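Have a look at the structure below, then the notes.
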Amino acid sequence: MKDVYDLVLIGGGVSSCTLIFNLLKNGFKGRIGVVEAGRGLGGRCSTRRRQNKENLAINHGSPIFNITNTLKNPLLNSFISQLLENNLIKKSENSFYEVDNSFNLSNLTYKHNYNFYFGNVYQPNILMSELLENLVSFYNSNDQIDFYFKKLIVKLNYENNIWRISSNKDFEIFGKLLISSSNLILHKRSLNILNVNHIPLIDALKNSNNTYIDEIISLTNNQEYIKRVNFIIYPKSNFYMDGIFDKDNIHFIFNNNLEKNIGIERIIFQKQIDNTFCIVVHTKNREIFQKEIIKDDNKFLYEYLFKNLDKILKRNSVSTRNFSIDDISIMNWRASQPIGKAIPARLQFCKDYKIGFCGDWFEFEGYGTVQGAFISALTLSEKISKFI
């Protein structure tokens with residue numbers, strides 16, 4: 001058998017990176033292996049760089065996150081304070097506008113209507129992916145962590161108190177303790193996404209008869225999800241905005257009626273280092289775009305997205321200089337935002353099989369958001385520290 005890690009993490013998103021941060025802060029001395037399907041850390045809050053234009057950096061999940069913490073969770077309070085004290089995050093310097101049915105703009109006043117904008121809104125002092133990189137490296141003075149990117153986990157096996165985790169590229173890693181920030185390993189949608197015949201966790205523990213495992217699998221498979229498609233619009237390099245565009249990021253949040261009509265939840269303009277903008281279009285209604293994505297019909301996307309962008313800009317007397325679209329990238333998320341009934345926190349950790357779970361899909365304040373991912377990871381790290 002190859003070297004066995006003390007802890008293996010599936011996923012390199014917000015909750016995994018927060019878990020590592022707090023575990024190492026609490027004095028965890030073991031070796032950690034992180035397995036991530038993407039090209040880097042970030043998950044749904046990742047940053048994309050364009051291959052032929054490395055100076056462009058787009059936070060295509062979100063450039064901001066919000067914290068409500070009405071329950072005054074002490075772990076979250078301490079965590080956010082530490083991020084602020086170390087200049088890893090700052091209060092948002094974004095502009096937020098609500099778009100009504102006629103494409104008119106107004107300042108976003110009733111933020112409690114929108115999950116991602118209510119409470120205190122923060123942004124990283126750097127890129128979102130670099131914020132997560134800083135989290136995992138903050139207490140990693142002993143080089144305890146190894147990262148394995150572009151590895152999609154398709155099979156699990158648990159024997160003799162050791163987890164064997166296998167990817168779709170003949171990669172294997174072994175761990176004494178397994179933590180997954182992804183629910184794919186216990187959800188039926190993994191059959192299509194991972195192209196496997198059995199749900200990985202069921203396959204690994206098919207003879208377990210463990211009530212904990214049975215319950216979390218059952219509840220997770222009854223949970224509902226929003227399967228998002230995002231579009232990254234790259235305007236021509238000489239594209240500039242005049243008027244209301246005085247912040248690093250400008251958010252246009254569509255009201256519920258408009259969102260249902262055109263399938264767009266929000267559009268975020270993100271300023272680049274050369275003062276030009278890239279644009280991220282967030283959608284929740286896949287049906288409007290699915291046929292065109294399958295056909296790779298960029299003509300439809302260009303016309304549809306440009307038309308709705310143009311309505312916002314012209315209707316609100318925002319002048320543009322040389323506005324034209326250079327390219328559109330499609331982000332068809334494998335990960336999904338949970339909605340409906342959350343998974344109880346008591347199911348986060350199973351001592352019998354040395355497996356735990358974290359993410360925004362658990363029953364914490366901020367369910368379905370970055371805050372929920374933070375609290376889930378911080379809570380689980382405390383449980384692991386006591387268990388070890």
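Here, A, B, ... name the chains of the structure tokens in the order displayed, residue numbers run from 1 inside each chain, and ligands are numbered from 1 in the same displayed order.
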
Residue contacts of A:Phe269 (6 Å, only C-alpha atoms) excluding same-chain residues fewer than 6 positions away, as a PDB file with C-alpha atoms, in the first residue's frame:
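Written out: result-v8.pdb:
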```
ATOM      1  CA  ASN A 249     -17.559  45.164  -9.098  1.00  0.00           C
ATOM      2  CA  ILE A 250     -21.085  46.172 -10.074  1.00  0.00           C
ATOM      3  CA  CYS A 278     -15.397  41.199 -17.662  1.00  0.00           C
ATOM      4  CA  ILE A 279     -18.996  40.162 -17.137  1.00  0.00           C
TER       5      ILE A 279
END
```

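Between atom CA of A:Asn195 and atom CA of A:Val154 there is a distance of 7.9 Å.
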
All helix (DSSP H, G or I) residues (DSSP, backbone) inside stretch 16-168 of chain A, as a ChimeraX atom specification = /A:16-25,43-45,74-85,111-113,128-137

Name the residues in contact with stretch 181-189 of chain A at a cut-off of 6 Å, using only C-alpha atoms, excluding same-chain residues fewer than 3 positions from it; report them as number ranges by chain.
-> A: 11, 192, 199-201, 217, 221, 357-359

Any chance you could list, as number ranges by chain, the residues in stretch 31-124 of chain A that come up strand (DSSP E or B) when DSSP is run on the backbone?
-> A: 32-36, 47-50, 53-59, 65-67, 89-91, 95-99, 105-107, 120-124

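What separates atom CA of A:Asp146 from atom CA of A:Val35 is a distance of 8.7 Å.
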
For A:Leu7, the nearest of the candidates A:Val280, A:Leu127, A:Leu24, A:Ala345, counting only C-alpha atoms =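 Smallest distance to A:Leu7 is found for A:Leu24.
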
Can I get the residues of stretch 116-181 of chain A within 12 Å of stretch 372-384 of chain A, each with the closest pair of atoms and their distance in Å to one decimal, using only C-alpha atoms, sorted chain first then ascending number, as a tab-separated table?
```
residue	atom	partner	partner_atom	distance
A:Phe116	CA	A:Gly372	CA	11.5
A:Leu132	CA	A:Phe374	CA	11.6
A:Leu135	CA	A:Phe374	CA	11.7
A:Leu177	CA	A:Ile384	CA	9.4
A:Leu178	CA	A:Ile384	CA	10.8
A:Ile179	CA	A:Leu380	CA	9.5
A:Ser180	CA	A:Ala377	CA	10.6
A:Ser181	CA	A:Ala377	CA	8.7
```

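Excluding A:Asn86 itself and any same-chain residue fewer than 2 positions from it, the protein and nucleic acid residues within 12 Å of it, counting only C-alpha atoms, are Phe79, Ile80, Ser81, Gln82, Leu83, Leu84, Leu88, Ile89, Lys90, Pro124, Asn125, Leu131, Asn134, Leu135 and Phe138 of chain A.
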
Using only C-alpha atoms, find the one residue out of A:Glu259, A:Asp248, A:Glu36, A:Glu172 that sits nearest to A:Tyr148.
-> A:Glu36

What gap, in Å, lies between atom CA of A:Ile233 and atom CA of A:Ser336?
->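 Atom-to-atom, atom CA of A:Ile233 and atom CA of A:Ser336 are spaced 21.4 Å apart.
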
Which polymer residues have any atom within 12 Å of an atom of stretch 350-352 of chain A, counting only C-alpha atoms, with same-chain residues fewer than 6 positions away left out, as JSON, numbers by chain?
-> {"A": [158, 160, 161, 162, 176, 177, 178, 179, 205, 208, 209, 210, 211, 212, 213, 214, 215, 216, 380, 383, 384, 386, 387, 388]}
